[in-house]
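Next comes run.cif, with mmCIF, N, CA and C atoms and all ligand atoms.
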data_data
loop_
_atom_site.label_atom_id
_atom_site.label_comp_id
_atom_site.auth_asym_id
_atom_site.auth_seq_id
_atom_site.Cartn_x
_atom_site.Cartn_y
_atom_site.Cartn_z
N MET A 182 -26.84 40.64 -3.49
CA MET A 182 -26.80 39.26 -4.03
C MET A 182 -26.16 39.28 -5.42
N PRO A 183 -25.00 38.64 -5.56
CA PRO A 183 -24.36 38.64 -6.88
C PRO A 183 -25.17 37.80 -7.87
N ASP A 184 -25.16 38.20 -9.13
CA ASP A 184 -25.80 37.36 -10.14
C ASP A 184 -24.87 37.19 -11.33
N ILE A 185 -25.40 36.58 -12.37
CA ILE A 185 -24.59 36.18 -13.51
C ILE A 185 -24.05 37.41 -14.28
N THR A 186 -24.67 38.61 -14.12
CA THR A 186 -24.18 39.81 -14.81
C THR A 186 -22.82 40.23 -14.28
N SER A 187 -22.44 39.74 -13.07
CA SER A 187 -21.10 40.04 -12.54
C SER A 187 -20.01 39.54 -13.47
N ILE A 188 -20.29 38.45 -14.18
CA ILE A 188 -19.30 37.89 -15.11
C ILE A 188 -19.06 38.86 -16.27
N SER A 189 -20.14 39.40 -16.86
CA SER A 189 -19.93 40.32 -17.98
C SER A 189 -19.31 41.62 -17.49
N ALA A 190 -19.63 42.05 -16.27
CA ALA A 190 -18.99 43.24 -15.71
C ALA A 190 -17.49 43.02 -15.56
N ALA A 191 -17.11 41.84 -15.11
CA ALA A 191 -15.68 41.52 -14.95
C ALA A 191 -14.99 41.51 -16.31
N VAL A 192 -15.64 40.91 -17.30
CA VAL A 192 -15.06 40.83 -18.66
C VAL A 192 -14.89 42.24 -19.23
N GLN A 193 -15.92 43.10 -19.04
CA GLN A 193 -15.83 44.48 -19.54
C GLN A 193 -14.70 45.23 -18.86
N GLY A 194 -14.55 45.04 -17.54
CA GLY A 194 -13.50 45.72 -16.79
C GLY A 194 -12.11 45.32 -17.29
N ILE A 195 -11.95 44.02 -17.55
CA ILE A 195 -10.65 43.52 -18.03
C ILE A 195 -10.38 44.03 -19.45
N LYS A 196 -11.43 44.09 -20.27
CA LYS A 196 -11.28 44.59 -21.64
C LYS A 196 -10.86 46.07 -21.62
N ALA A 197 -11.51 46.86 -20.74
CA ALA A 197 -11.16 48.28 -20.62
C ALA A 197 -9.71 48.43 -20.18
N ALA A 198 -9.29 47.61 -19.21
CA ALA A 198 -7.91 47.67 -18.71
C ALA A 198 -6.92 47.31 -19.83
N THR A 199 -7.28 46.29 -20.62
CA THR A 199 -6.42 45.87 -21.74
C THR A 199 -6.27 47.00 -22.77
N ASP A 200 -7.40 47.65 -23.09
CA ASP A 200 -7.36 48.76 -24.06
C ASP A 200 -6.45 49.88 -23.57
N ILE A 201 -6.55 50.22 -22.29
CA ILE A 201 -5.72 51.29 -21.73
C ILE A 201 -4.25 50.88 -21.77
N ALA A 202 -3.98 49.61 -21.40
CA ALA A 202 -2.60 49.12 -21.41
C ALA A 202 -2.01 49.18 -22.82
N LYS A 203 -2.86 48.82 -23.83
CA LYS A 203 -2.41 48.88 -25.24
C LYS A 203 -2.05 50.30 -25.62
N SER A 204 -2.90 51.24 -25.23
CA SER A 204 -2.65 52.64 -25.61
C SER A 204 -1.38 53.16 -24.92
N LEU A 205 -1.10 52.62 -23.72
CA LEU A 205 0.12 53.03 -23.02
C LEU A 205 1.37 52.49 -23.72
N ARG A 206 1.23 51.27 -24.31
CA ARG A 206 2.36 50.66 -25.00
C ARG A 206 2.75 51.47 -26.24
N ASN A 207 1.72 52.07 -26.89
CA ASN A 207 1.96 52.84 -28.11
C ASN A 207 2.35 54.29 -27.83
N VAL A 208 2.53 54.58 -26.56
CA VAL A 208 2.80 55.95 -26.17
C VAL A 208 4.17 56.40 -26.68
N ASP A 209 4.25 57.65 -27.10
CA ASP A 209 5.58 58.15 -27.49
C ASP A 209 6.03 59.20 -26.49
N ALA A 210 7.26 59.59 -26.64
CA ALA A 210 7.88 60.48 -25.66
C ALA A 210 7.14 61.80 -25.53
N SER A 211 6.37 62.14 -26.57
CA SER A 211 5.71 63.45 -26.56
C SER A 211 4.50 63.48 -25.61
N LEU A 212 4.05 62.29 -25.17
CA LEU A 212 2.87 62.27 -24.28
C LEU A 212 3.20 62.98 -22.96
N GLU A 213 2.34 63.85 -22.63
CA GLU A 213 2.54 64.62 -21.40
C GLU A 213 2.54 63.70 -20.18
N LYS A 214 3.34 64.04 -19.23
CA LYS A 214 3.40 63.26 -17.99
C LYS A 214 2.02 63.20 -17.30
N ALA A 215 1.32 64.34 -17.33
CA ALA A 215 0.00 64.40 -16.69
C ALA A 215 -0.99 63.46 -17.38
N GLU A 216 -0.91 63.42 -18.71
CA GLU A 216 -1.79 62.55 -19.49
C GLU A 216 -1.50 61.08 -19.18
N MET A 217 -0.21 60.79 -19.06
CA MET A 217 0.26 59.45 -18.72
C MET A 217 -0.31 59.01 -17.37
N LYS A 218 -0.23 59.91 -16.38
CA LYS A 218 -0.73 59.62 -15.03
C LYS A 218 -2.23 59.34 -15.06
N LEU A 219 -2.94 60.11 -15.89
CA LEU A 219 -4.39 59.95 -16.02
C LEU A 219 -4.73 58.56 -16.56
N LYS A 220 -3.97 58.14 -17.56
CA LYS A 220 -4.21 56.82 -18.17
C LYS A 220 -3.93 55.69 -17.17
N ILE A 221 -2.88 55.88 -16.38
CA ILE A 221 -2.54 54.86 -15.38
C ILE A 221 -3.64 54.79 -14.30
N ALA A 222 -4.20 55.95 -13.95
CA ALA A 222 -5.30 55.99 -12.99
C ALA A 222 -6.52 55.26 -13.55
N ASP A 223 -6.82 55.47 -14.84
CA ASP A 223 -7.93 54.77 -15.50
C ASP A 223 -7.71 53.27 -15.47
N LEU A 224 -6.45 52.89 -15.75
CA LEU A 224 -6.09 51.47 -15.78
C LEU A 224 -6.33 50.83 -14.40
N THR A 225 -5.87 51.54 -13.36
CA THR A 225 -6.04 51.04 -11.99
C THR A 225 -7.52 50.89 -11.65
N ASN A 226 -8.33 51.88 -12.04
CA ASN A 226 -9.78 51.81 -11.77
C ASN A 226 -10.44 50.63 -12.48
N ALA A 227 -10.07 50.45 -13.75
CA ALA A 227 -10.67 49.36 -14.53
C ALA A 227 -10.33 48.01 -13.89
N LEU A 228 -9.07 47.88 -13.44
CA LEU A 228 -8.66 46.62 -12.79
C LEU A 228 -9.37 46.42 -11.46
N ALA A 229 -9.56 47.50 -10.69
CA ALA A 229 -10.26 47.40 -9.40
C ALA A 229 -11.71 46.97 -9.61
N ASP A 230 -12.37 47.54 -10.64
CA ASP A 230 -13.76 47.15 -10.95
C ASP A 230 -13.84 45.68 -11.31
N ALA A 231 -12.88 45.23 -12.13
CA ALA A 231 -12.88 43.83 -12.55
C ALA A 231 -12.68 42.91 -11.35
N LYS A 232 -11.81 43.35 -10.42
CA LYS A 232 -11.54 42.56 -9.21
C LYS A 232 -12.81 42.40 -8.37
N ILE A 233 -13.57 43.51 -8.21
CA ILE A 233 -14.82 43.46 -7.44
C ILE A 233 -15.81 42.51 -8.10
N SER A 234 -15.95 42.66 -9.43
CA SER A 234 -16.90 41.80 -10.15
C SER A 234 -16.51 40.33 -10.02
N LEU A 235 -15.20 40.05 -10.09
CA LEU A 235 -14.75 38.66 -9.99
C LEU A 235 -15.00 38.08 -8.60
N SER A 236 -14.87 38.91 -7.57
CA SER A 236 -15.15 38.37 -6.23
C SER A 236 -16.64 38.10 -6.06
N GLU A 237 -17.48 38.89 -6.78
CA GLU A 237 -18.92 38.60 -6.78
C GLU A 237 -19.19 37.27 -7.48
N VAL A 238 -18.46 37.04 -8.56
CA VAL A 238 -18.61 35.76 -9.29
C VAL A 238 -18.20 34.60 -8.39
N GLN A 239 -17.11 34.79 -7.65
CA GLN A 239 -16.63 33.76 -6.73
C GLN A 239 -17.70 33.43 -5.69
N GLU A 240 -18.32 34.48 -5.15
CA GLU A 240 -19.37 34.30 -4.14
C GLU A 240 -20.56 33.55 -4.74
N LEU A 241 -20.91 33.93 -5.97
CA LEU A 241 -22.03 33.29 -6.67
C LEU A 241 -21.77 31.81 -6.87
N ILE A 242 -20.55 31.48 -7.31
CA ILE A 242 -20.20 30.07 -7.54
C ILE A 242 -20.25 29.29 -6.23
N SER A 243 -19.75 29.88 -5.16
CA SER A 243 -19.75 29.16 -3.89
C SER A 243 -21.17 28.96 -3.35
N GLU A 244 -22.06 29.95 -3.59
CA GLU A 244 -23.49 29.78 -3.24
C GLU A 244 -24.09 28.62 -4.02
N LYS A 245 -23.79 28.57 -5.31
CA LYS A 245 -24.34 27.51 -6.17
C LYS A 245 -23.78 26.15 -5.75
N ASP A 246 -22.50 26.11 -5.39
CA ASP A 246 -21.89 24.86 -4.93
C ASP A 246 -22.60 24.30 -3.71
N SER A 247 -22.90 25.18 -2.74
CA SER A 247 -23.54 24.67 -1.53
C SER A 247 -24.99 24.26 -1.81
N LYS A 248 -25.64 24.97 -2.76
CA LYS A 248 -27.01 24.58 -3.15
C LYS A 248 -26.98 23.20 -3.82
N ILE A 249 -26.00 22.97 -4.69
CA ILE A 249 -25.87 21.68 -5.37
C ILE A 249 -25.64 20.57 -4.34
N LYS A 250 -24.76 20.85 -3.36
CA LYS A 250 -24.45 19.87 -2.31
C LYS A 250 -25.73 19.51 -1.54
N GLU A 251 -26.51 20.57 -1.20
CA GLU A 251 -27.76 20.38 -0.46
C GLU A 251 -28.75 19.52 -1.26
N LEU A 252 -28.87 19.84 -2.56
CA LEU A 252 -29.82 19.10 -3.41
C LEU A 252 -29.38 17.65 -3.61
N LYS A 253 -28.07 17.45 -3.74
CA LYS A 253 -27.54 16.08 -3.89
C LYS A 253 -27.87 15.24 -2.66
N ALA A 254 -27.69 15.84 -1.48
CA ALA A 254 -27.97 15.14 -0.22
C ALA A 254 -29.46 14.79 -0.15
N LYS A 255 -30.31 15.74 -0.57
CA LYS A 255 -31.76 15.53 -0.55
C LYS A 255 -32.15 14.41 -1.52
N LEU A 256 -31.51 14.43 -2.69
CA LEU A 256 -31.78 13.43 -3.71
C LEU A 256 -31.40 12.03 -3.22
N GLU A 257 -30.24 11.95 -2.55
CA GLU A 257 -29.77 10.67 -2.03
C GLU A 257 -30.73 10.16 -0.96
N LEU A 258 -31.16 11.09 -0.09
CA LEU A 258 -32.10 10.72 0.97
C LEU A 258 -33.42 10.24 0.37
N ASP A 259 -33.93 11.02 -0.64
CA ASP A 259 -35.19 10.66 -1.30
C ASP A 259 -35.14 9.23 -1.85
N SER A 260 -34.00 8.86 -2.45
CA SER A 260 -33.91 7.55 -3.09
C SER A 260 -33.81 6.43 -2.05
N ASN A 261 -33.50 6.80 -0.79
CA ASN A 261 -33.40 5.79 0.27
C ASN A 261 -34.64 5.73 1.15
N LEU A 262 -35.62 6.62 0.84
CA LEU A 262 -36.84 6.63 1.66
C LEU A 262 -37.86 5.66 1.13
N GLU A 263 -38.49 4.96 2.04
CA GLU A 263 -39.54 4.02 1.66
C GLU A 263 -40.83 4.44 2.35
N TYR A 264 -41.91 4.48 1.59
CA TYR A 264 -43.20 4.90 2.13
C TYR A 264 -44.01 3.67 2.54
N GLU A 265 -44.53 3.72 3.74
CA GLU A 265 -45.37 2.61 4.20
C GLU A 265 -46.37 3.13 5.22
N ASP A 266 -47.64 2.92 4.98
CA ASP A 266 -48.70 3.31 5.92
C ASP A 266 -48.53 4.74 6.46
N GLU A 267 -48.42 5.70 5.57
CA GLU A 267 -48.32 7.12 5.94
C GLU A 267 -47.03 7.47 6.69
N CYS A 268 -46.03 6.59 6.60
CA CYS A 268 -44.75 6.86 7.27
C CYS A 268 -43.61 6.65 6.29
N TYR A 269 -42.50 7.31 6.58
CA TYR A 269 -41.29 7.05 5.81
C TYR A 269 -40.30 6.27 6.66
N PHE A 270 -39.56 5.41 6.00
CA PHE A 270 -38.44 4.71 6.63
C PHE A 270 -37.20 4.93 5.76
N ILE A 271 -36.04 5.02 6.39
CA ILE A 271 -34.80 5.11 5.63
C ILE A 271 -34.26 3.69 5.47
N LYS A 272 -34.15 3.29 4.19
CA LYS A 272 -33.63 1.96 3.89
C LYS A 272 -32.13 1.91 4.22
N LYS A 273 -31.74 0.86 4.89
CA LYS A 273 -30.31 0.66 5.20
C LYS A 273 -29.84 -0.60 4.50
N ASP A 274 -28.60 -0.53 4.01
CA ASP A 274 -28.05 -1.72 3.36
C ASP A 274 -27.91 -2.87 4.34
N LYS A 275 -27.42 -2.52 5.53
CA LYS A 275 -27.24 -3.55 6.56
C LYS A 275 -28.05 -3.14 7.79
N GLY A 276 -28.54 -4.10 8.50
CA GLY A 276 -29.25 -3.81 9.74
C GLY A 276 -30.67 -3.34 9.50
N GLU A 277 -31.28 -2.83 10.57
CA GLU A 277 -32.67 -2.43 10.51
C GLU A 277 -32.83 -1.07 9.87
N ASP A 278 -33.97 -0.90 9.20
CA ASP A 278 -34.28 0.41 8.62
C ASP A 278 -34.54 1.40 9.75
N GLU A 279 -34.37 2.70 9.41
CA GLU A 279 -34.57 3.73 10.42
C GLU A 279 -35.94 4.37 10.23
N GLY A 280 -36.66 4.61 11.32
CA GLY A 280 -37.96 5.24 11.20
C GLY A 280 -38.90 4.74 12.29
N PRO A 281 -40.19 5.01 12.22
CA PRO A 281 -40.85 5.75 11.14
C PRO A 281 -40.71 7.28 11.29
N PHE A 282 -40.76 7.97 10.14
CA PHE A 282 -40.75 9.43 10.12
C PHE A 282 -42.08 9.93 9.56
N CYS A 283 -42.42 11.14 9.95
CA CYS A 283 -43.68 11.76 9.52
C CYS A 283 -43.62 12.11 8.03
N TYR A 284 -44.55 11.56 7.22
CA TYR A 284 -44.53 11.84 5.78
C TYR A 284 -44.97 13.27 5.50
N ARG A 285 -45.88 13.77 6.34
CA ARG A 285 -46.42 15.11 6.12
C ARG A 285 -45.33 16.17 6.29
N CYS A 286 -44.54 16.04 7.38
CA CYS A 286 -43.47 17.01 7.65
C CYS A 286 -42.39 16.93 6.57
N TYR A 287 -42.10 15.72 6.07
CA TYR A 287 -41.06 15.59 5.04
C TYR A 287 -41.56 16.13 3.70
N ASP A 288 -42.77 15.77 3.32
CA ASP A 288 -43.30 16.23 2.03
C ASP A 288 -43.51 17.73 2.00
N ALA A 289 -43.96 18.31 3.13
CA ALA A 289 -44.28 19.74 3.16
C ALA A 289 -43.04 20.59 3.44
N ASP A 290 -42.18 20.15 4.38
CA ASP A 290 -41.08 21.00 4.84
C ASP A 290 -39.70 20.39 4.62
N GLY A 291 -39.66 19.16 4.09
CA GLY A 291 -38.37 18.50 3.86
C GLY A 291 -37.67 18.11 5.15
N LYS A 292 -38.45 18.01 6.25
CA LYS A 292 -37.84 17.66 7.54
C LYS A 292 -38.18 16.23 7.92
N LEU A 293 -37.16 15.50 8.38
CA LEU A 293 -37.40 14.14 8.87
C LEU A 293 -37.71 14.23 10.35
N VAL A 294 -38.96 13.93 10.72
CA VAL A 294 -39.38 14.00 12.12
C VAL A 294 -39.76 12.59 12.58
N HIS A 295 -39.09 12.13 13.64
CA HIS A 295 -39.41 10.81 14.20
C HIS A 295 -40.83 10.81 14.73
N LEU A 296 -41.57 9.75 14.45
CA LEU A 296 -42.92 9.61 15.00
C LEU A 296 -42.84 8.89 16.34
N VAL A 297 -43.76 9.27 17.20
CA VAL A 297 -43.79 8.66 18.53
C VAL A 297 -44.85 7.58 18.53
N ASN A 298 -44.49 6.42 19.07
CA ASN A 298 -45.45 5.31 19.17
C ASN A 298 -46.42 5.59 20.32
N VAL A 299 -47.70 5.67 19.98
CA VAL A 299 -48.69 5.90 21.03
C VAL A 299 -49.13 4.53 21.57
N LYS A 300 -48.63 4.21 22.75
CA LYS A 300 -48.79 2.86 23.29
C LYS A 300 -50.25 2.46 23.48
N SER A 301 -51.09 3.44 23.86
CA SER A 301 -52.49 3.10 24.16
C SER A 301 -53.27 2.74 22.89
N TYR A 302 -52.79 3.23 21.74
CA TYR A 302 -53.43 2.86 20.48
C TYR A 302 -52.45 2.06 19.66
N ARG A 303 -52.65 0.76 19.61
CA ARG A 303 -51.72 -0.11 18.90
C ARG A 303 -51.65 0.32 17.41
N GLY A 304 -50.45 0.44 16.89
CA GLY A 304 -50.28 0.78 15.48
C GLY A 304 -50.49 2.24 15.18
N CYS A 305 -50.62 3.04 16.23
CA CYS A 305 -50.86 4.46 16.00
C CYS A 305 -49.63 5.27 16.35
N TYR A 306 -49.26 6.19 15.45
CA TYR A 306 -48.09 7.03 15.67
C TYR A 306 -48.49 8.48 15.70
N TYR A 307 -47.70 9.26 16.42
CA TYR A 307 -48.01 10.68 16.60
C TYR A 307 -46.78 11.53 16.23
N CYS A 308 -47.03 12.63 15.50
CA CYS A 308 -45.94 13.55 15.15
C CYS A 308 -46.02 14.76 16.08
N LYS A 309 -44.92 15.01 16.80
CA LYS A 309 -44.89 16.12 17.76
C LYS A 309 -44.83 17.47 17.06
N VAL A 310 -44.41 17.48 15.79
CA VAL A 310 -44.25 18.74 15.07
C VAL A 310 -45.58 19.19 14.44
N CYS A 311 -46.16 18.34 13.59
CA CYS A 311 -47.42 18.74 12.94
C CYS A 311 -48.64 18.25 13.72
N GLU A 312 -48.39 17.49 14.79
CA GLU A 312 -49.44 17.02 15.70
C GLU A 312 -50.49 16.17 15.01
N ASN A 313 -50.06 15.38 14.01
CA ASN A 313 -50.97 14.46 13.33
C ASN A 313 -50.79 13.05 13.88
N HIS A 314 -51.88 12.29 13.84
CA HIS A 314 -51.81 10.87 14.16
C HIS A 314 -51.80 10.07 12.88
N PHE A 315 -51.04 8.99 12.86
CA PHE A 315 -50.97 8.15 11.67
C PHE A 315 -51.25 6.70 12.04
N GLY A 316 -51.76 6.00 11.05
CA GLY A 316 -51.98 4.57 11.24
C GLY A 316 -53.34 4.27 11.84
N ASP A 317 -53.82 3.08 11.55
CA ASP A 317 -55.10 2.63 12.06
C ASP A 317 -54.87 1.85 13.36
N PRO A 318 -55.52 2.26 14.45
CA PRO A 318 -55.31 1.59 15.74
C PRO A 318 -55.58 0.09 15.69
N ASN A 319 -56.39 -0.35 14.70
CA ASN A 319 -56.72 -1.78 14.62
C ASN A 319 -55.70 -2.58 13.83
N ASP A 320 -54.79 -1.86 13.14
CA ASP A 320 -53.79 -2.54 12.33
C ASP A 320 -52.52 -2.81 13.14
N GLU A 321 -51.71 -3.67 12.56
CA GLU A 321 -50.36 -3.85 13.10
C GLU A 321 -49.62 -2.50 12.92
N PRO A 322 -48.72 -2.17 13.83
CA PRO A 322 -47.97 -0.93 13.65
C PRO A 322 -47.19 -0.94 12.34
N PRO A 323 -47.08 0.21 11.65
CA PRO A 323 -46.27 0.24 10.44
C PRO A 323 -44.82 -0.11 10.80
N GLY A 324 -44.22 -0.94 9.99
CA GLY A 324 -42.84 -1.36 10.25
C GLY A 324 -42.72 -2.03 11.60
N ALA A 325 -43.68 -2.90 11.92
CA ALA A 325 -43.74 -3.52 13.24
C ALA A 325 -42.47 -4.26 13.60
N ASN A 326 -41.78 -4.73 12.55
CA ASN A 326 -40.54 -5.47 12.79
C ASN A 326 -39.34 -4.53 12.89
N MET A 327 -39.61 -3.23 12.80
CA MET A 327 -38.50 -2.28 12.80
C MET A 327 -38.42 -1.55 14.13
N ARG A 328 -37.21 -1.17 14.46
CA ARG A 328 -36.95 -0.47 15.72
C ARG A 328 -37.39 0.99 15.57
N MET A 329 -37.89 1.57 16.65
CA MET A 329 -38.24 3.00 16.65
C MET A 329 -36.99 3.85 16.65
ZN ZN A 401 -45.34 15.74 11.18
#

Written as structure tokens, that's how I'd like the structure from this file.
Ligand SMILES: [Zn+2]
Amino acid sequence: MPDITSISAAVQGIKAATDIAKSLRNVDASLEKAEMKLKIADLTNALADAKISLSEVQELISEKDSKIKELKAKLELDSNLEYEDECYFIKKDKGEDEGPFCYRCYDADGKLVHLVNVKSYRGCYYCKVCENHFGDPNDEPPGANMRM
């Protein structure tokens, strides 16, 4: 799992490569060919390390991007949810609201689960996931004017 230290590793790798490149620029004819080859090998290694660290940074940023996208979607959904009689409904600008959904499943697991209308108990809803019943059988169904 890449973390934020990948950025400093990349910066250090690039700095090392720059230092080696500088020393190569100041090289004079007296520098041994073997020594020259060694410095070029060091330079190549430093650049390869920086490249690896940068791809870790890229992966980290893309992970954070998808997390931000996920949270934004959740935030938007949260602001459109309306709570009524232990159920959630999604508010719609036009037309009928959507729902009811199980409040327990959404609050605990962030999942929108449609509730099933239990016909034998008027106003009573059942969640197939958490197996809870909602609503008072003697009351009007929550969102009675809304479509299931
Ligand atoms: Zn549930």

Select from chain A every residue with an atom at most 6 Å from any atom of ligand ZN 401 (chain A), then for each give the shortest pair of atoms and their distance in Å to one decimal, using only N, CA and C atoms and all ligand atoms, rows by chain and rising number, as a Markdown table.
| residue | atom | partner | partner_atom | distance |
| --- | --- | --- | --- | --- |
| A:Cys283 | CA | A:ZN401 | ZN | 4.6 |
| A:Tyr284 | N | A:ZN401 | ZN | 5.8 |
| A:Arg285 | C | A:ZN401 | ZN | 4.9 |
| A:Cys286 | N | A:ZN401 | ZN | 3.9 |
| A:Cys308 | CA | A:ZN401 | ZN | 4.6 |
| A:Lys309 | N | A:ZN401 | ZN | 5.7 |
| A:Val310 | C | A:ZN401 | ZN | 4.8 |
| A:Cys311 | N | A:ZN401 | ZN | 3.6 |
| A:Glu312 | N | A:ZN401 | ZN | 5.0 |
| A:Asn313 | N | A:ZN401 | ZN | 5.5 |

Restricting the calculation to all atoms listed in the file: of A:Ser247, A:Leu258, A:Tyr287, A:Leu228, which residue gets closest to Thr199 (chain A)? A:Leu228

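From CA of Lys232 (chain A) back to CA of Lys218 (chain A), the distance works out to 21.0 Å.
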
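The coordinates place CA of Ala198 (chain A) at 21.3 Å from atom C of Asp184 (chain A).
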
What is the atom N of Ala222 (chain A)-CA of Gln239 (chain A) distance in Å, reported with one decimal? 26.4 Å

Got a sec to tell me which of region 263-313 of chain A DSSP assigns to helix (DSSP H, G or I), as a PDB file with N, CA and C atoms, in the coordinates of the input?
ATOM      1  N   TYR A 284     -44.550  11.560   7.220  1.00  0.00           N
ATOM      2  CA  TYR A 284     -44.530  11.840   5.780  1.00  0.00           C
ATOM      3  C   TYR A 284     -44.970  13.270   5.500  1.00  0.00           C
ATOM      4  N   ARG A 285     -45.880  13.770   6.340  1.00  0.00           N
ATOM      5  CA  ARG A 285     -46.420  15.110   6.120  1.00  0.00           C
ATOM      6  C   ARG A 285     -45.330  16.170   6.290  1.00  0.00           C
ATOM      7  N   CYS A 286     -44.540  16.040   7.380  1.00  0.00           N
ATOM      8  CA  CYS A 286     -43.470  17.010   7.650  1.00  0.00           C
ATOM      9  C   CYS A 286     -42.390  16.930   6.570  1.00  0.00           C
ATOM     10  N   TYR A 287     -42.100  15.720   6.070  1.00  0.00           N
ATOM     11  CA  TYR A 287     -41.060  15.590   5.040  1.00  0.00           C
ATOM     12  C   TYR A 287     -41.560  16.130   3.700  1.00  0.00           C
ATOM     13  N   ASP A 288     -42.770  15.770   3.320  1.00  0.00           N
ATOM     14  CA  ASP A 288     -43.300  16.230   2.030  1.00  0.00           C
ATOM     15  C   ASP A 288     -43.510  17.730   2.000  1.00  0.00           C
ATOM     16  N   ALA A 289     -43.960  18.310   3.130  1.00  0.00           N
ATOM     17  CA  ALA A 289     -44.280  19.740   3.160  1.00  0.00           C
ATOM     18  C   ALA A 289     -43.040  20.590   3.440  1.00  0.00           C
ATOM     19  N   ASP A 290     -42.180  20.150   4.380  1.00  0.00           N
ATOM     20  CA  ASP A 290     -41.080  21.000   4.840  1.00  0.00           C
ATOM     21  C   ASP A 290     -39.700  20.390   4.620  1.00  0.00           C
TER      22      ASP A 290
END

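Between Leu262 (chain A) and the candidates A:Leu205, A:Val238, A:Ala191, A:Leu293, the tightest atom-to-atom separation, counting only C-alpha atoms, involves A:Leu293.
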
Option closest in space to Ala254 (chain A), from A:Cys305, A:Gly291, A:Tyr269, A:Ala190 [counting only C-alpha atoms]: A:Gly291

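Among the candidates A:Lys273, A:Ser187, A:Gly194, A:Glu257, the one nearest to Ser236 (chain A) when counting all atoms listed in the file is A:Ser187.
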
Residue nearest Lys203 (chain A) - candidates A:Ser260, A:Lys292, A:Ser189, A:Ile221, atoms counted: only C-alpha atoms: A:Ile221

Going by DSSP on the backbone, which bits of chain A are strand (DSSP E)? Write them as a PyMOL selection string, please. chain A and resi 262-265+268-271+279-283+297-298+306-307+314-315

Surrounding residues of Ile271 (chain A) excluding itself and chain neighbours under 2 positions, 7 Å, all atoms listed in the file, as a ChimeraX atom specification: /A:261-263,269,273,277-282

Got time to write the residues from that selection, N, CA and C atoms, as a PDB file, in the coordinates of the input?
ATOM      1  N   ASN A 261     -33.500   6.800  -0.790  1.00  0.00           N
ATOM      2  CA  ASN A 261     -33.400   5.790   0.270  1.00  0.00           C
ATOM      3  C   ASN A 261     -34.640   5.730   1.150  1.00  0.00           C
ATOM      4  N   LEU A 262     -35.620   6.620   0.840  1.00  0.00           N
ATOM      5  CA  LEU A 262     -36.840   6.630   1.660  1.00  0.00           C
ATOM      6  C   LEU A 262     -37.860   5.660   1.130  1.00  0.00           C
ATOM      7  N   GLU A 263     -38.490   4.960   2.040  1.00  0.00           N
ATOM      8  CA  GLU A 263     -39.540   4.020   1.660  1.00  0.00           C
ATOM      9  C   GLU A 263     -40.830   4.440   2.350  1.00  0.00           C
ATOM     10  N   TYR A 269     -42.500   7.310   6.580  1.00  0.00           N
ATOM     11  CA  TYR A 269     -41.290   7.050   5.810  1.00  0.00           C
ATOM     12  C   TYR A 269     -40.300   6.270   6.660  1.00  0.00           C
ATOM     13  N   LYS A 273     -31.740   0.860   4.890  1.00  0.00           N
ATOM     14  CA  LYS A 273     -30.310   0.660   5.200  1.00  0.00           C
ATOM     15  C   LYS A 273     -29.840  -0.600   4.500  1.00  0.00           C
ATOM     16  N   GLU A 277     -31.280  -2.830  10.570  1.00  0.00           N
ATOM     17  CA  GLU A 277     -32.670  -2.430  10.510  1.00  0.00           C
ATOM     18  C   GLU A 277     -32.830  -1.070   9.870  1.00  0.00           C
ATOM     19  N   ASP A 278     -33.970  -0.900   9.200  1.00  0.00           N
ATOM     20  CA  ASP A 278     -34.280   0.410   8.620  1.00  0.00           C
ATOM     21  C   ASP A 278     -34.540   1.400   9.750  1.00  0.00           C
ATOM     22  N   GLU A 279     -34.370   2.700   9.410  1.00  0.00           N
ATOM     23  CA  GLU A 279     -34.570   3.730  10.420  1.00  0.00           C
ATOM     24  C   GLU A 279     -35.940   4.370  10.230  1.00  0.00           C
ATOM     25  N   GLY A 280     -36.660   4.610  11.320  1.00  0.00           N
ATOM     26  CA  GLY A 280     -37.960   5.240  11.200  1.00  0.00           C
ATOM     27  C   GLY A 280     -38.900   4.740  12.290  1.00  0.00           C
ATOM     28  N   PRO A 281     -40.190   5.010  12.220  1.00  0.00           N
ATOM     29  CA  PRO A 281     -40.850   5.750  11.140  1.00  0.00           C
ATOM     30  C   PRO A 281     -40.710   7.280  11.290  1.00  0.00           C
ATOM     31  N   PHE A 282     -40.760   7.970  10.140  1.00  0.00           N
ATOM     32  CA  PHE A 282     -40.750   9.430  10.120  1.00  0.00           C
ATOM     33  C   PHE A 282     -42.080   9.930   9.560  1.00  0.00           C
TER      34      PHE A 282
END

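Distance annotation: of A:Asp274, A:Asp230, A:Asp209, A:Glu267, the residue with the minimal separation from Ile195 (chain A) is A:Asp230; atom set is all atoms listed in the file.
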